[in-house]
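Let me begin by presenting the structure, written as structure tokens, before commenting on it.
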Amino acid sequence: FSATVALKRNNVLLALLSTKLIMYIYRKLTPEQRVKLVEERLAKGYPPHSPPHPVQDAEFYHITVSCFEHKCRINTQERRHQILDIIFNKFILDGIEIDAWVVLPNHYHLLVRNINISRLSVLFRSIHGPLARQWNLEDNITGKVWCSFSDRAIRSERHYYTTINYIHYNPVKHGWAKSPYDWSSSSVHWYLEYQGREWLRSTWVEYPVKDYGKGWDD
């Protein structure tokens with residue numbers, strides 16, 4: 001019985017280690033467990049610690065980027081608008097379209113198209129590196145600011161519109177706002193202006209969020 005429980009636990013840990021939660025789980029393992037799990041990841045073709053990016057050719061992706069240890073480093077409206085401006089400038093120059101976005105104090109989400117996943121790490125380094133140096137100076141601290149990004153290929157029209165709803169609802173989900181419309185650093189205001197409240201309302205009803213994000217964006 002104990003051996004079965006241990007095997008199931010290792011399988012769960014392996015699954016978690018393929019997501020952005022890897023660094024939090026990894027710290028709690030014994031040295032022997034760390035060696036085994038890294039070996040398993042390498043055998044699957046995953047990087048040893050950072051999130052894998054197994055789907056390289058999808059049309060749309062849901063990108064998630066978190067601050068290190070989920071600390072609130074994007075902790076002012078000015079910083080949230082600053083990073084959005086930089087993301088849009090860099091992505092537009094790279095031919096990437098952004099269909100939805102939200103920036104919270106400790107992470108952000110993007111729904112993008114026309115993206116080259118193999119180039120994304122370089123692109124994010126060019127965005128996050130200068131911001132990390134600037135914010136550390138402003139906060140008079142040193143240390144890591146960002147985690148590795150994670151991506152999820154969009155599988156269907158339903159997945160696409162549910163992702164838009166999930167992104168817009170994120171400030172409410174994490175307790176930063178009572179309504180999506182109360183959070184300024186979100187594409188919900190763009191959709192409100194160009195698609196209208198009725199479109200947003202009907203899309204919310206037709207493509208409910210439900211448990212979307214459970215286990216990886218808690």
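The chains in the structure tokens are called A, B, ... from first to last as shown; in each chain the residues are counted from 1, and the ligands are counted from 1 in the order shown.
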Running DSSP on the backbone, which parts of stretch 94-209 of chain A land in alpha helix (DSSP H), as a count of residues only?
57
Find the residues around stretch 198-215 of chain A up to 10 Å (only C-alpha atoms counted), leave out those fewer than 3 positions away in its own chain, and share them as number ranges by chain.
A: 16, 19, 21, 157-170, 188, 191-192, 194-195, 218
Can I get the selection written as a JSON list (two decimals), in the first residue's frame, with C-alpha atoms?
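part.json, written as the output of this step:
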[["chain", "number", "residue", "atom", "x", "y", "z"],
["A", 16, "LEU", "CA", 3.59, 19.31, -11.62],
["A", 19, "THR", "CA", 4.38, 23.26, -15.32],
["A", 21, "LEU", "CA", 5.05, 25.28, -10.44],
["A", 157, "GLU", "CA", -12.65, 28.11, -30.84],
["A", 158, "ARG", "CA", -14.16, 27.31, -27.44],
["A", 159, "HIS", "CA", -10.72, 27.23, -25.85],
["A", 160, "TYR", "CA", -9.92, 30.58, -27.48],
["A", 161, "TYR", "CA", -12.98, 32.45, -26.20],
["A", 162, "THR", "CA", -12.83, 30.79, -22.79],
["A", 163, "THR", "CA", -9.24, 32.00, -22.53],
["A", 164, "ILE", "CA", -10.34, 35.57, -23.27],
["A", 165, "ASN", "CA", -12.94, 35.31, -20.50],
["A", 166, "TYR", "CA", -10.39, 33.77, -18.13],
["A", 167, "ILE", "CA", -7.89, 36.56, -18.78],
["A", 168, "HIS", "CA", -10.49, 39.27, -18.22],
["A", 169, "TYR", "CA", -11.78, 37.62, -15.04],
["A", 170, "ASN", "CA", -8.29, 37.12, -13.58],
["A", 188, "VAL", "CA", -11.55, 44.02, -21.25],
["A", 191, "TYR", "CA", -13.35, 44.77, -25.99],
["A", 192, "LEU", "CA", -15.89, 46.97, -24.20],
["A", 194, "TYR", "CA", -14.93, 47.95, -29.84],
["A", 195, "GLN", "CA", -17.23, 44.93, -29.25],
["A", 218, "ASP", "CA", -4.33, 29.14, -8.10]]
Would you please work out which residue, of A:Asn114, A:Gln82, A:Asn89, A:Ser150, is nearest to A:Leu131 when using only C-alpha atoms?
A:Gln82
Set the distance at 8 Å and use only C-alpha atoms: which residues neighbour stretch 126-129 of chain A once local chain neighbours fewer than 3 positions away are removed? I'd like the list as an MDAnalysis selection string.
chainID A and resid 83 86:87 90 122:123 132:133 146
Among stretch 56-202 of chain A, which residues does DSSP mark as strand (DSSP E) when it is run on the backbone? Keep the chain and numbering as in the structure and answer as a ChimeraX atom specification.
/A:60-66,97-103,107-113,150-153
Just want the 8 Å neighbourhood of A:Val65, counted on only C-alpha atoms, with same-chain residues fewer than 4 positions away dropped. Output as JSON, numbers by chain.
{"A": [107, 108, 109, 146, 147, 148, 149, 150]}
Go ahead and save the residues from that selection, with C-alpha atoms, as a compact mmCIF listing (two decimals), in the first residue's frame.
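Generated file (part-v1.txt):
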# COMPACT_ATOMS: atom_id res chain seq x y z
CA HIS A 107 1.89 37.84 -12.92
CA TYR A 108 0.41 38.48 -16.32
CA HIS A 109 -1.43 36.64 -19.09
CA TRP A 146 10.84 36.90 -13.04
CA CYS A 147 10.10 33.19 -13.49
CA SER A 148 10.24 31.36 -16.80
CA PHE A 149 7.16 31.80 -18.95
CA SER A 150 4.69 28.99 -19.64
All residues 12 Å or closer to A:Gly143, only C-alpha atoms, same chain fewer than 6 positions away omitted, as a ChimeraX atom specification:
/A:67-69,71,73,129,132-137
Write the residues you've just listed into a file as a JSON list (two decimals), in the first residue's frame, and include all heavy atoms for each of them.
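Result file follows (result_0.json):
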[["chain", "number", "residue", "atom", "x", "y", "z"],
["A", 67, "CYS", "N", 5.99, 36.63, -11.51],
["A", 67, "CYS", "CA", 7.13, 37.15, -10.77],
["A", 67, "CYS", "C", 7.71, 36.02, -9.91],
["A", 67, "CYS", "O", 7.00, 35.10, -9.52],
["A", 67, "CYS", "CB", 6.72, 38.31, -9.88],
["A", 67, "CYS", "SG", 6.19, 39.78, -10.79],
["A", 68, "PHE", "N", 8.99, 36.11, -9.63],
["A", 68, "PHE", "CA", 9.68, 35.11, -8.83],
["A", 68, "PHE", "C", 8.99, 34.97, -7.47],
["A", 68, "PHE", "O", 8.74, 35.95, -6.77],
["A", 68, "PHE", "CB", 11.14, 35.52, -8.64],
["A", 68, "PHE", "CG", 11.97, 34.52, -7.90],
["A", 68, "PHE", "CD1", 12.24, 33.28, -8.45],
["A", 68, "PHE", "CD2", 12.50, 34.83, -6.65],
["A", 68, "PHE", "CE1", 13.02, 32.36, -7.77],
["A", 68, "PHE", "CE2", 13.28, 33.93, -5.97],
["A", 68, "PHE", "CZ", 13.54, 32.68, -6.53],
["A", 69, "GLU", "N", 8.66, 33.72, -7.15],
["A", 69, "GLU", "CA", 7.97, 33.38, -5.91],
["A", 69, "GLU", "C", 6.63, 34.12, -5.75],
["A", 69, "GLU", "O", 6.12, 34.29, -4.66],
["A", 69, "GLU", "CB", 8.87, 33.64, -4.69],
["A", 69, "GLU", "CG", 10.09, 32.74, -4.66],
["A", 69, "GLU", "CD", 10.96, 32.94, -3.43],
["A", 69, "GLU", "OE1", 10.92, 34.06, -2.86],
["A", 69, "GLU", "OE2", 11.66, 31.98, -3.04],
["A", 71, "LYS", "N", 5.97, 37.13, -5.92],
["A", 71, "LYS", "CA", 6.04, 38.39, -5.19],
["A", 71, "LYS", "C", 5.45, 39.50, -6.05],
["A", 71, "LYS", "O", 5.54, 39.48, -7.27],
["A", 71, "LYS", "CB", 7.49, 38.71, -4.83],
["A", 71, "LYS", "CG", 8.10, 37.75, -3.82],
["A", 71, "LYS", "CD", 9.54, 38.10, -3.51],
["A", 71, "LYS", "CE", 10.12, 37.13, -2.49],
["A", 71, "LYS", "NZ", 11.56, 37.41, -2.21],
["A", 73, "ARG", "N", 5.88, 42.37, -7.65],
["A", 73, "ARG", "CA", 6.86, 43.33, -8.14],
["A", 73, "ARG", "C", 6.25, 44.28, -9.18],
["A", 73, "ARG", "O", 6.81, 45.34, -9.45],
["A", 73, "ARG", "CB", 8.06, 42.59, -8.74],
["A", 73, "ARG", "CG", 8.81, 41.70, -7.77],
["A", 73, "ARG", "CD", 9.33, 42.44, -6.55],
["A", 73, "ARG", "NE", 10.17, 43.57, -6.89],
["A", 73, "ARG", "CZ", 11.47, 43.50, -7.20],
["A", 73, "ARG", "NH1", 12.08, 42.31, -7.19],
["A", 73, "ARG", "NH2", 12.16, 44.58, -7.48],
["A", 129, "GLY", "N", 14.69, 41.70, -18.55],
["A", 129, "GLY", "CA", 16.01, 42.05, -18.02],
["A", 129, "GLY", "C", 16.11, 43.51, -17.60],
["A", 129, "GLY", "O", 16.43, 43.82, -16.44],
["A", 132, "ALA", "N", 13.80, 44.30, -14.63],
["A", 132, "ALA", "CA", 14.29, 43.77, -13.36],
["A", 132, "ALA", "C", 15.34, 44.69, -12.76],
["A", 132, "ALA", "O", 15.32, 44.99, -11.55],
["A", 132, "ALA", "CB", 14.85, 42.37, -13.56],
["A", 133, "ARG", "N", 16.26, 45.15, -13.60],
["A", 133, "ARG", "CA", 17.31, 46.05, -13.09],
["A", 133, "ARG", "C", 16.71, 47.37, -12.60],
["A", 133, "ARG", "O", 17.08, 47.88, -11.54],
["A", 133, "ARG", "CB", 18.35, 46.30, -14.20],
["A", 133, "ARG", "CG", 19.21, 45.09, -14.51],
["A", 133, "ARG", "CD", 20.35, 45.43, -15.43],
["A", 133, "ARG", "NE", 19.90, 45.72, -16.79],
["A", 133, "ARG", "CZ", 19.72, 44.79, -17.73],
["A", 133, "ARG", "NH1", 19.94, 43.51, -17.45],
["A", 133, "ARG", "NH2", 19.34, 45.12, -18.94],
["A", 134, "GLN", "N", 15.78, 47.92, -13.37],
["A", 134, "GLN", "CA", 15.15, 49.18, -12.99],
["A", 134, "GLN", "C", 14.38, 49.06, -11.68],
["A", 134, "GLN", "O", 14.54, 49.89, -10.77],
["A", 134, "GLN", "CB", 14.20, 49.65, -14.10],
["A", 134, "GLN", "CG", 13.43, 50.91, -13.74],
["A", 134, "GLN", "CD", 12.26, 51.17, -14.68],
["A", 134, "GLN", "OE1", 12.30, 50.78, -15.85],
["A", 134, "GLN", "NE2", 11.22, 51.81, -14.18],
["A", 135, "TRP", "N", 13.54, 48.02, -11.58],
["A", 135, "TRP", "CA", 12.69, 47.88, -10.39],
["A", 135, "TRP", "C", 13.51, 47.54, -9.15],
["A", 135, "TRP", "O", 13.18, 47.99, -8.05],
["A", 135, "TRP", "CB", 11.61, 46.83, -10.65],
["A", 135, "TRP", "CG", 10.64, 47.24, -11.71],
["A", 135, "TRP", "CD1", 10.53, 48.47, -12.31],
["A", 135, "TRP", "CD2", 9.65, 46.42, -12.34],
["A", 135, "TRP", "NE1", 9.53, 48.46, -13.25],
["A", 135, "TRP", "CE2", 8.97, 47.22, -13.29],
["A", 135, "TRP", "CE3", 9.27, 45.09, -12.19],
["A", 135, "TRP", "CZ2", 7.94, 46.73, -14.09],
["A", 135, "TRP", "CZ3", 8.24, 44.58, -12.97],
["A", 135, "TRP", "CH2", 7.57, 45.40, -13.91],
["A", 136, "ASN", "N", 14.57, 46.76, -9.32],
["A", 136, "ASN", "CA", 15.44, 46.48, -8.17],
["A", 136, "ASN", "C", 16.09, 47.75, -7.65],
["A", 136, "ASN", "O", 16.21, 47.96, -6.44],
["A", 136, "ASN", "CB", 16.51, 45.46, -8.54],
["A", 136, "ASN", "CG", 16.00, 44.03, -8.46],
["A", 136, "ASN", "OD1", 14.99, 43.75, -7.83],
["A", 136, "ASN", "ND2", 16.71, 43.11, -9.10],
["A", 137, "LEU", "N", 16.51, 48.62, -8.57],
["A", 137, "LEU", "CA", 17.09, 49.90, -8.16],
["A", 137, "LEU", "C", 16.04, 50.77, -7.47],
["A", 137, "LEU", "O", 16.32, 51.38, -6.43],
["A", 137, "LEU", "CB", 17.66, 50.64, -9.38],
["A", 137, "LEU", "CG", 18.99, 50.11, -9.93],
["A", 137, "LEU", "CD1", 19.33, 50.80, -11.25],
["A", 137, "LEU", "CD2", 20.12, 50.34, -8.92]]
Identify which of the residues A:Trp176, A:Val103, A:Ser121, A:Arg155 lies closest to A:Ser66, counting only C-alpha atoms when measuring atom-to-atom distances.
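Ranked by minimum distance to A:Ser66, first place goes to A:Val103.
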By how many Å are atom CA of A:Ser118 and atom CA of A:Cys72 apart?
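Going from atom CA of A:Ser118 over to atom CA of A:Cys72, I get 28.0 Å.
With atom CA of A:Ile74 on one side and atom CA of A:Asn106 on the other, the separation reads 5.9 Å.
Atom pair atom CA of A:Ser185 / atom CA of A:Ala100 has a distance of 10.8 Å (rounded to one decimal).
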